[in-house]
Amino acid sequence: MENFIYANPVKIIFGRDTINEIVNEIPQGSKVLMTYGGGSIRNNGVYDQAAKALSGYEWYEFSGIEPNPHYETCMKAVALIKEKGIDFILAVGGGSVLDATKFIAAAVCFEGGDPWQILSGRSEVKKALPFGDILTLPATGSEMNAGAVITRAETQEKLAFGSAYTYPKFSVLDPTVTYSLPPRQIGNGVVDAFVHVMEQYLTYNEGSVLLQDHMAEAIVKTLVVEGPKALVAPTDYDVRANLMWASTWALNGWISQGVPEDWATHMIGHEITAFYGLDHAQTLAIVLPGVMTVLKEQKRKKIIRLGKEVFGTDGIDNTIRAVENFFEKMGVKTHLSDYDLGDEAIAKVAGRLNKRGWKLGECHNVTADLVKEILIIRK
Ligand code: NZQ
Ligand code: ZN
């Protein structure tokens with residue numbers, strides 16, 4: 001096990017009827033901005049619950065944060081915050097609203113020129129406005145981590161940042177607010193959380209970090225058992241609760257301590273979304289089986305272990321097939337052609353990674369050429 005320093009300051013408020021708890025977390029007298037997306041929270045009653053809880057505060061709202069949130073949209077919220085003198089942000093939505101809010105919170109306090117530099121990696125975040133959230137879509141882990149992924153529509157770039165200042169102060173996780181999710185987003189959420197675990201588990205590493213490995217396996221077992229149930233029984237509380245908590249743990253930093261991490265699937269996937277607008281999880285469902293196939297020697301012990309512990313199957317190829325079948329079972333298609341993509345997309349994604357000069361994966365050996373190889377077998 002490698003050395004590590006671990007701290008996670010996010011207060012989790014979990015369970016039914018917990019939205020009103022935000023009044024105990026947002027300092028009295030704060031001027032609050034509620035950020036949200038395209039309106040799902042107005043249809044499922046979450047907006048009303050949040051508005052009721054905020055009634056004792058001076059508060060404003062900023063809506064229209066799109067999936068794969070845009071830098072351009074975030075900057076409009078930054079202007080509103082400065083105009084109104086907002087001092088606390090409440091994000092209400094899925095990973096996109098939470099990620100946008102993290103960037104907005106950092107961009108408002110950024111003093112080094114264009115806040116895009118936070119994403120391009122040229123500047124570090126030195127402070128951010130405090131924020132909390134009410135999560136409506138279990139998937140990204142954004143509710144208990146400090147990372148965010150933002151797209152610049154103008155240049156078709158999708159880039160990530162993270163900082164010690166962009167952890168939520170609190171996250172409200174009420175599983176009942178996820179009952180209104182359409183099947184596509186249920187599937188996306190389960191696949192995203194599954195792949196988060198793989199990025200931290202499915203590496204060359206084997207045997208020395210038993211606790212993290214067992215935790216990782218527990219998280220994916222939960223997703224594999226409960227995910228399909230959520231598609232057929234959308235209002236089963238325990239199923240939703242298990243999925244919500246498992247997704248949070250998939251990316252709250254815990255299972256990555258002391259182990260090597262991959263993240264090649266995510267980085268390749270972000271480029272596919274940046275160019276073609278696919279849902280985040282759709283890109284992961286395409287790419288992960290390709291990464292597992294092309295890097296099967298490097299990852300062999302862990303792939304075999306995943307097969308045995310999670311899918312009850314033997315061997316590398318059977319395990320890769322089991323992963324692919326699971327994604328399909330969750331309704332998330334696993335080939336480029338399912339999304340009308342082919343050679344042109346492969347060339348574009350590999351070309352951009354070549355230009356960036358990135359060498360991805362836990363061994364830094366996933367070059368643009370290897371990315372091409374990975375994607376060709378996913379046609
Ligand atoms: O915009 P609204 O109207 O709210 O609708 C959303 C959106 O259309 C809808 N939705 C959310 N909760 C709902 C609901 N519909 C009905 N009932 C509910 N309870 O679902 C759609 C998708 O929402 P979005 O927030 O985009 O999905 P998700 O949570 O999957 O977030 C994806 C974003 O997170 C980033 C992705 O790259 C992508 O931009 N990620 C963030 C990470 C992080 N911060 O750690 C890690 C991830 O790997 C990921 O990259
Ligand atoms: Zn993800």
# chains A, B, ... in the order shown; residues from 1 in each chain; ligands from 1

call {"tool": "residues_around", "arguments": {"residues": "Lys127 (chain A)", "least_positions_apart": "3", "cutoff": "8 Å", "atoms": "only C-alpha atoms", "output": "list in words"}}
result
Ala106, Cys109, Phe110 and Tyr165 of chain A

call {"tool": "write_last_selection", "arguments": {"atoms": "N, CA and C atoms", "output": "PDB file, in the first residue's frame"}}
result
ATOM      1  N   ALA A 106     -15.736  28.662  -7.361  1.00  0.00           N
ATOM      2  CA  ALA A 106     -14.308  28.981  -7.485  1.00  0.00           C
ATOM      3  C   ALA A 106     -14.097  30.192  -8.391  1.00  0.00           C
ATOM      4  N   CYS A 109     -14.461  33.759  -6.938  1.00  0.00           N
ATOM      5  CA  CYS A 109     -13.353  34.222  -6.086  1.00  0.00           C
ATOM      6  C   CYS A 109     -12.023  34.291  -6.837  1.00  0.00           C
ATOM      7  N   PHE A 110     -12.032  33.960  -8.116  1.00  0.00           N
ATOM      8  CA  PHE A 110     -10.766  33.867  -8.867  1.00  0.00           C
ATOM      9  C   PHE A 110     -10.245  35.264  -9.215  1.00  0.00           C
ATOM     10  N   TYR A 165     -10.836  23.518  -1.848  1.00  0.00           N
ATOM     11  CA  TYR A 165     -11.869  24.515  -1.527  1.00  0.00           C
ATOM     12  C   TYR A 165     -13.220  24.179  -2.143  1.00  0.00           C
TER      13      TYR A 165
END

call {"tool": "residues_around", "arguments": {"residues": "Ala322 (chain A)", "least_positions_apart": "2", "cutoff": "12 Å", "atoms": "only C-alpha atoms", "output": "list in words"}}
result
Val224, Pro289, Met292, Ile303, Ile304, Leu306, Gly307, Lys308, Val310, Phe311, Gly312, Thr313, Asp314, Gly315, Ile316, Asp317, Asn318, Thr319, Ile320, Glu324, Asn325, Phe326, Phe327, Glu328 and Lys329 of chain A

call {"tool": "write_last_selection", "arguments": {"atoms": "C-alpha atoms", "output": "PDB file, in the first residue's frame"}}
result
ATOM      1  CA  VAL A 224     -24.843  -5.050  -9.990  1.00  0.00           C
ATOM      2  CA  PRO A 289     -14.548  -2.999 -22.353  1.00  0.00           C
ATOM      3  CA  MET A 292      -9.980  -4.077 -20.442  1.00  0.00           C
ATOM      4  CA  ILE A 303      -9.897  -8.666 -14.131  1.00  0.00           C
ATOM      5  CA  ILE A 304      -9.924 -12.304 -13.044  1.00  0.00           C
ATOM      6  CA  LEU A 306     -13.483  -8.981 -10.595  1.00  0.00           C
ATOM      7  CA  GLY A 307     -15.013 -11.865 -12.546  1.00  0.00           C
ATOM      8  CA  LYS A 308     -14.810 -14.225  -9.609  1.00  0.00           C
ATOM      9  CA  VAL A 310     -18.543  -9.816  -8.572  1.00  0.00           C
ATOM     10  CA  PHE A 311     -19.903 -11.755 -11.551  1.00  0.00           C
ATOM     11  CA  GLY A 312     -19.220 -15.324 -10.427  1.00  0.00           C
ATOM     12  CA  THR A 313     -17.402 -16.093 -13.650  1.00  0.00           C
ATOM     13  CA  ASP A 314     -13.964 -17.379 -14.631  1.00  0.00           C
ATOM     14  CA  GLY A 315     -11.345 -15.900 -16.900  1.00  0.00           C
ATOM     15  CA  ILE A 316     -10.593 -12.608 -18.563  1.00  0.00           C
ATOM     16  CA  ASP A 317     -12.797 -12.805 -21.637  1.00  0.00           C
ATOM     17  CA  ASN A 318     -15.836 -13.991 -19.685  1.00  0.00           C
ATOM     18  CA  THR A 319     -15.392 -11.114 -17.251  1.00  0.00           C
ATOM     19  CA  ILE A 320     -15.150  -8.515 -20.007  1.00  0.00           C
ATOM     20  CA  GLU A 324     -20.503  -5.419 -21.222  1.00  0.00           C
ATOM     21  CA  ASN A 325     -23.684  -7.443 -20.625  1.00  0.00           C
ATOM     22  CA  PHE A 326     -24.267  -5.584 -17.365  1.00  0.00           C
ATOM     23  CA  PHE A 327     -24.064  -2.213 -19.107  1.00  0.00           C
ATOM     24  CA  GLU A 328     -26.477  -3.414 -21.799  1.00  0.00           C
ATOM     25  CA  LYS A 329     -28.814  -4.744 -19.104  1.00  0.00           C
TER      26      LYS A 329
END

call {"tool": "closest_residue", "arguments": {"among": "A:Val92, A:Ala77, A:Ala128, A:Val323", "to": "Val195 (chain A)", "atoms": "only C-alpha atoms"}}
result
A:Val323

call {"tool": "closest_atom_pairs", "arguments": {"of": "chain A", "to": "ligand 2", "cutoff": "6 Å", "atoms": "only C-alpha atoms and all ligand atoms", "output": "CSV"}}
result
residue,atom,partner,partner_atom_place_in_ligand_line,distance
A:Thr140,CA,ligand 2,1 (Zn),5.5
A:Asp192,CA,ligand 2,1 (Zn),4.7
A:His196,CA,ligand 2,1 (Zn),5.8

call {"tool": "residues_around", "arguments": {"residues": "region 248-250 of chain A", "least_positions_apart": "4", "cutoff": "9 Å", "atoms": "only C-alpha atoms", "output": "MDAnalysis selection string"}}
result
chainID A and resid 138:145 193:197 216 219:220 243:244 254:255

call {"tool": "write_last_selection", "arguments": {"atoms": "C-alpha atoms", "output": "PDB file, in the first residue's frame"}}
result
ATOM      1  CA  PRO A 138     -26.829   9.191  -7.933  1.00  0.00           C
ATOM      2  CA  ALA A 139     -23.899   8.732 -10.329  1.00  0.00           C
ATOM      3  CA  THR A 140     -20.927  11.018 -10.175  1.00  0.00           C
ATOM      4  CA  GLY A 141     -19.923  11.135  -6.509  1.00  0.00           C
ATOM      5  CA  SER A 142     -19.699  14.906  -6.945  1.00  0.00           C
ATOM      6  CA  GLU A 143     -21.701  15.225  -3.714  1.00  0.00           C
ATOM      7  CA  MET A 144     -18.763  13.931  -1.681  1.00  0.00           C
ATOM      8  CA  ASN A 145     -15.718  14.893  -3.698  1.00  0.00           C
ATOM      9  CA  ALA A 193     -20.532   4.638 -10.566  1.00  0.00           C
ATOM     10  CA  PHE A 194     -19.441   1.169 -11.701  1.00  0.00           C
ATOM     11  CA  VAL A 195     -16.724   2.650 -13.907  1.00  0.00           C
ATOM     12  CA  HIS A 196     -15.549   4.960 -11.112  1.00  0.00           C
ATOM     13  CA  VAL A 197     -14.785   1.899  -9.048  1.00  0.00           C
ATOM     14  CA  ALA A 216     -14.497  -1.665  -4.146  1.00  0.00           C
ATOM     15  CA  ILE A 219     -19.681  -1.166  -4.026  1.00  0.00           C
ATOM     16  CA  VAL A 220     -19.866  -2.816  -7.446  1.00  0.00           C
ATOM     17  CA  LEU A 243     -27.744   2.824  -5.180  1.00  0.00           C
ATOM     18  CA  MET A 244     -27.408   6.350  -3.854  1.00  0.00           C
ATOM     19  CA  TRP A 254     -11.862   6.373  -0.037  1.00  0.00           C
ATOM     20  CA  ILE A 255     -11.152   3.409  -2.309  1.00  0.00           C
TER      21      ILE A 255
END

call {"tool": "closest_residue", "arguments": {"among": "A:Thr265, A:Ser96, A:Gln212, A:Asn354", "to": "ligand 1", "atoms": "only C-alpha atoms and all ligand atoms"}}
result
A:Ser96

call {"tool": "closest_residue", "arguments": {"among": "A:Leu181, A:Ala107, A:Ile118, A:Cys363", "to": "Asn43 (chain A)", "atoms": "only C-alpha atoms"}}
result
A:Leu181

call {"tool": "closest_residue", "arguments": {"among": "A:Asp369, A:Asp262, A:Glu157, A:Asp99", "to": "Glu66 (chain A)", "atoms": "only C-alpha atoms"}}
result
A:Asp99

call {"tool": "atom_distance", "arguments": {"atom1": "CA of Gly94 (chain A)", "atom2": "atom 10 (N, counted along the ligand's line) of ligand 1"}}
result
6.0 Å

call {"tool": "residues_around", "arguments": {"residues": "region 226-228 of chain A", "least_positions_apart": "6", "cutoff": "9 Å", "atoms": "only C-alpha atoms", "output": "VMD selection string"}}
result
chain A and resid 186 to 187 190 to 191 239 to 240 242 to 243 326 329 to 330

call {"tool": "write_last_selection", "arguments": {"atoms": "all heavy atoms", "output": "JSON list (two decimals), in the first residue's frame"}}
result
[["chain", "number", "residue", "atom", "x", "y", "z"],
["A", 186, "ILE", "N", -31.20, 6.38, -14.89],
["A", 186, "ILE", "CA", -30.91, 5.33, -13.90],
["A", 186, "ILE", "C", -29.73, 4.50, -14.41],
["A", 186, "ILE", "O", -28.75, 4.24, -13.71],
["A", 186, "ILE", "CB", -32.14, 4.41, -13.68],
["A", 186, "ILE", "CG1", -33.30, 5.20, -13.07],
["A", 186, "ILE", "CG2", -31.77, 3.22, -12.78],
["A", 186, "ILE", "CD1", -34.61, 4.42, -13.01],
["A", 187, "GLY", "N", -29.83, 4.10, -15.68],
["A", 187, "GLY", "CA", -28.76, 3.30, -16.29],
["A", 187, "GLY", "C", -27.45, 4.07, -16.31],
["A", 187, "GLY", "O", -26.39, 3.53, -15.93],
["A", 190, "VAL", "N", -25.80, 4.18, -12.78],
["A", 190, "VAL", "CA", -25.21, 2.92, -12.31],
["A", 190, "VAL", "C", -23.92, 2.63, -13.09],
["A", 190, "VAL", "O", -22.91, 2.22, -12.50],
["A", 190, "VAL", "CB", -26.24, 1.77, -12.46],
["A", 190, "VAL", "CG1", -25.60, 0.42, -12.25],
["A", 190, "VAL", "CG2", -27.41, 1.98, -11.49],
["A", 191, "VAL", "N", -23.94, 2.87, -14.39],
["A", 191, "VAL", "CA", -22.74, 2.61, -15.19],
["A", 191, "VAL", "C", -21.61, 3.56, -14.78],
["A", 191, "VAL", "O", -20.45, 3.14, -14.62],
["A", 191, "VAL", "CB", -23.06, 2.75, -16.70],
["A", 191, "VAL", "CG1", -21.78, 2.77, -17.53],
["A", 191, "VAL", "CG2", -23.98, 1.61, -17.14],
["A", 239, "VAL", "N", -33.88, -0.07, -2.63],
["A", 239, "VAL", "CA", -33.06, -0.15, -3.84],
["A", 239, "VAL", "C", -32.44, 1.21, -4.14],
["A", 239, "VAL", "O", -31.23, 1.33, -4.36],
["A", 239, "VAL", "CB", -33.93, -0.62, -5.04],
["A", 239, "VAL", "CG1", -33.19, -0.40, -6.36],
["A", 239, "VAL", "CG2", -34.33, -2.08, -4.88],
["A", 240, "ARG", "N", -33.26, 2.25, -4.08],
["A", 240, "ARG", "CA", -32.74, 3.60, -4.36],
["A", 240, "ARG", "C", -31.72, 4.04, -3.32],
["A", 240, "ARG", "O", -30.74, 4.71, -3.66],
["A", 240, "ARG", "CB", -33.90, 4.61, -4.40],
["A", 240, "ARG", "CG", -34.88, 4.37, -5.49],
["A", 240, "ARG", "CD", -34.18, 4.31, -6.84],
["A", 240, "ARG", "NE", -35.17, 4.44, -7.88],
["A", 240, "ARG", "CZ", -34.95, 5.03, -9.04],
["A", 240, "ARG", "NH1", -33.75, 5.50, -9.34],
["A", 240, "ARG", "NH2", -35.90, 5.12, -9.93],
["A", 242, "ASN", "N", -29.74, 2.10, -1.52],
["A", 242, "ASN", "CA", -28.48, 1.37, -1.75],
["A", 242, "ASN", "C", -27.71, 1.95, -2.93],
["A", 242, "ASN", "O", -26.49, 2.09, -2.88],
["A", 242, "ASN", "CB", -28.77, -0.12, -1.99],
["A", 242, "ASN", "CG", -29.04, -0.86, -0.70],
["A", 242, "ASN", "OD1", -28.43, -0.58, 0.33],
["A", 242, "ASN", "ND2", -29.96, -1.81, -0.74],
["A", 243, "LEU", "N", -28.43, 2.27, -4.00],
["A", 243, "LEU", "CA", -27.74, 2.82, -5.18],
["A", 243, "LEU", "C", -27.15, 4.19, -4.88],
["A", 243, "LEU", "O", -26.03, 4.51, -5.30],
["A", 243, "LEU", "CB", -28.72, 2.94, -6.36],
["A", 243, "LEU", "CG", -29.09, 1.63, -7.06],
["A", 243, "LEU", "CD1", -30.08, 1.89, -8.19],
["A", 243, "LEU", "CD2", -27.85, 0.91, -7.59],
["A", 326, "PHE", "N", -23.66, -6.36, -18.46],
["A", 326, "PHE", "CA", -24.27, -5.58, -17.37],
["A", 326, "PHE", "C", -24.64, -4.17, -17.85],
["A", 326, "PHE", "O", -25.74, -3.68, -17.58],
["A", 326, "PHE", "CB", -23.31, -5.52, -16.17],
["A", 326, "PHE", "CG", -23.80, -4.64, -15.06],
["A", 326, "PHE", "CD1", -25.02, -4.89, -14.44],
["A", 326, "PHE", "CD2", -23.06, -3.54, -14.65],
["A", 326, "PHE", "CE1", -25.49, -4.06, -13.43],
["A", 326, "PHE", "CE2", -23.52, -2.71, -13.64],
["A", 326, "PHE", "CZ", -24.74, -2.97, -13.03],
["A", 329, "LYS", "N", -27.66, -4.47, -19.96],
["A", 329, "LYS", "CA", -28.81, -4.74, -19.10],
["A", 329, "LYS", "C", -29.34, -3.46, -18.46],
["A", 329, "LYS", "O", -30.54, -3.32, -18.22],
["A", 329, "LYS", "CB", -28.37, -5.73, -18.02],
["A", 329, "LYS", "CG", -29.48, -6.39, -17.25],
["A", 329, "LYS", "CD", -28.88, -7.50, -16.39],
["A", 329, "LYS", "CE", -29.89, -8.12, -15.46],
["A", 329, "LYS", "NZ", -29.28, -9.13, -14.59],
["A", 330, "MET", "N", -28.42, -2.55, -18.17],
["A", 330, "MET", "CA", -28.83, -1.25, -17.60],
["A", 330, "MET", "C", -29.33, -0.29, -18.69],
["A", 330, "MET", "O", -29.61, 0.88, -18.41],
["A", 330, "MET", "CB", -27.66, -0.61, -16.83],
["A", 330, "MET", "CG", -27.27, -1.32, -15.54],
["A", 330, "MET", "SD", -28.64, -1.66, -14.39],
["A", 330, "MET", "CE", -29.35, -0.04, -14.14]]

call {"tool": "select_by_dssp", "arguments": {"residues": "region 342-375 of chain A", "states": "helix (DSSP H, G or I)", "output": "ChimeraX atom specification"}}
result
/A:343-356,368-375

call {"tool": "write_last_selection", "arguments": {"atoms": "N, CA, C and O atoms", "output": "mmCIF file, in the first residue's frame"}}
result
data_model
loop_
_atom_site.group_PDB
_atom_site.id
_atom_site.type_symbol
_atom_site.label_atom_id
_atom_site.label_comp_id
_atom_site.auth_asym_id
_atom_site.auth_seq_id
_atom_site.Cartn_x
_atom_site.Cartn_y
_atom_site.Cartn_z
ATOM 1 N N ASP A 343 -15.236 5.584 -37.718
ATOM 2 C CA ASP A 343 -13.825 5.932 -37.964
ATOM 3 C C ASP A 343 -13.514 7.409 -37.753
ATOM 4 O O ASP A 343 -12.462 7.763 -37.226
ATOM 5 N N GLU A 344 -14.447 8.268 -38.175
ATOM 6 C CA GLU A 344 -14.174 9.703 -38.052
ATOM 7 C C GLU A 344 -14.014 10.087 -36.568
ATOM 8 O O GLU A 344 -13.093 10.827 -36.196
ATOM 9 N N ALA A 345 -14.900 9.540 -35.742
ATOM 10 C CA ALA A 345 -14.829 9.847 -34.306
ATOM 11 C C ALA A 345 -13.528 9.318 -33.702
ATOM 12 O O ALA A 345 -12.881 9.994 -32.889
ATOM 13 N N ILE A 346 -13.149 8.122 -34.120
ATOM 14 C CA ILE A 346 -11.910 7.531 -33.580
ATOM 15 C C ILE A 346 -10.718 8.424 -33.927
ATOM 16 O O ILE A 346 -9.871 8.730 -33.075
ATOM 17 N N ALA A 347 -10.669 8.876 -35.170
ATOM 18 C CA ALA A 347 -9.547 9.718 -35.614
ATOM 19 C C ALA A 347 -9.536 11.045 -34.849
ATOM 20 O O ALA A 347 -8.479 11.531 -34.426
ATOM 21 N N LYS A 348 -10.723 11.591 -34.635
ATOM 22 C CA LYS A 348 -10.811 12.886 -33.963
ATOM 23 C C LYS A 348 -10.358 12.790 -32.490
ATOM 24 O O LYS A 348 -9.584 13.621 -32.008
ATOM 25 N N VAL A 349 -10.851 11.763 -31.804
ATOM 26 C CA VAL A 349 -10.506 11.601 -30.383
ATOM 27 C C VAL A 349 -9.015 11.297 -30.237
ATOM 28 O O VAL A 349 -8.309 11.927 -29.426
ATOM 29 N N ALA A 350 -8.517 10.365 -31.036
ATOM 30 C CA ALA A 350 -7.091 10.017 -30.947
ATOM 31 C C ALA A 350 -6.233 11.220 -31.340
ATOM 32 O O ALA A 350 -5.186 11.474 -30.729
ATOM 33 N N GLY A 351 -6.688 11.958 -32.336
ATOM 34 C CA GLY A 351 -5.936 13.142 -32.803
ATOM 35 C C GLY A 351 -5.797 14.172 -31.701
ATOM 36 O O GLY A 351 -4.730 14.735 -31.480
ATOM 37 N N ARG A 352 -6.898 14.388 -30.974
ATOM 38 C CA ARG A 352 -6.826 15.387 -29.901
ATOM 39 C C ARG A 352 -5.920 14.917 -28.763
ATOM 40 O O ARG A 352 -5.141 15.696 -28.219
ATOM 41 N N LEU A 353 -6.013 13.638 -28.421
ATOM 42 C CA LEU A 353 -5.164 13.137 -27.329
ATOM 43 C C LEU A 353 -3.694 13.175 -27.741
ATOM 44 O O LEU A 353 -2.811 13.440 -26.930
ATOM 45 N N ASN A 354 -3.460 12.945 -29.019
ATOM 46 C CA ASN A 354 -2.092 13.043 -29.547
ATOM 47 C C ASN A 354 -1.567 14.479 -29.388
ATOM 48 O O ASN A 354 -0.450 14.705 -28.923
ATOM 49 N N LYS A 355 -2.436 15.428 -29.733
ATOM 50 C CA LYS A 355 -2.064 16.836 -29.639
ATOM 51 C C LYS A 355 -1.766 17.229 -28.191
ATOM 52 O O LYS A 355 -0.835 17.968 -27.903
ATOM 53 N N ARG A 356 -2.588 16.724 -27.289
ATOM 54 C CA ARG A 356 -2.366 17.036 -25.867
ATOM 55 C C ARG A 356 -1.111 16.337 -25.328
ATOM 56 O O ARG A 356 -0.601 16.710 -24.289
ATOM 57 N N ALA A 368 -1.975 7.985 -27.751
ATOM 58 C CA ALA A 368 -3.013 8.184 -28.778
ATOM 59 C C ALA A 368 -3.147 6.936 -29.651
ATOM 60 O O ALA A 368 -4.259 6.565 -30.046
ATOM 61 N N ASP A 369 -2.035 6.271 -29.952
ATOM 62 C CA ASP A 369 -2.108 5.052 -30.779
ATOM 63 C C ASP A 369 -2.896 3.953 -30.076
ATOM 64 O O ASP A 369 -3.683 3.240 -30.698
ATOM 65 N N LEU A 370 -2.659 3.827 -28.783
ATOM 66 C CA LEU A 370 -3.380 2.798 -28.022
ATOM 67 C C LEU A 370 -4.876 3.155 -27.920
ATOM 68 O O LEU A 370 -5.746 2.276 -27.948
ATOM 69 N N VAL A 371 -5.151 4.454 -27.811
ATOM 70 C CA VAL A 371 -6.553 4.901 -27.766
ATOM 71 C C VAL A 371 -7.252 4.480 -29.058
ATOM 72 O O VAL A 371 -8.390 3.986 -29.046
ATOM 73 N N LYS A 372 -6.542 4.650 -30.164
ATOM 74 C CA LYS A 372 -7.105 4.241 -31.463
ATOM 75 C C LYS A 372 -7.423 2.739 -31.427
ATOM 76 O O LYS A 372 -8.507 2.310 -31.825
ATOM 77 N N GLU A 373 -6.461 1.982 -30.925
ATOM 78 C CA GLU A 373 -6.661 0.523 -30.839
ATOM 79 C C GLU A 373 -7.880 0.173 -29.975
ATOM 80 O O GLU A 373 -8.686 -0.689 -30.329
ATOM 81 N N ILE A 374 -7.992 0.879 -28.844
ATOM 82 C CA ILE A 374 -9.120 0.638 -27.922
ATOM 83 C C ILE A 374 -10.446 0.928 -28.623
ATOM 84 O O ILE A 374 -11.409 0.166 -28.512
ATOM 85 N N LEU A 375 -10.489 2.043 -29.349
ATOM 86 C CA LEU A 375 -11.761 2.448 -29.960
ATOM 87 C C LEU A 375 -12.110 1.623 -31.190
ATOM 88 O O LEU A 375 -13.297 1.368 -31.460
#

call {"tool": "atom_distance", "arguments": {"atom1": "CA of Met34 (chain A)", "atom2": "CA of Trp116 (chain A)"}}
result
22.5 Å

call {"tool": "closest_residue", "arguments": {"among": "A:Leu129, A:Gly95, A:Glu2, A:Val149", "to": "Gly258 (chain A)", "atoms": "only C-alpha atoms"}}
result
A:Glu2
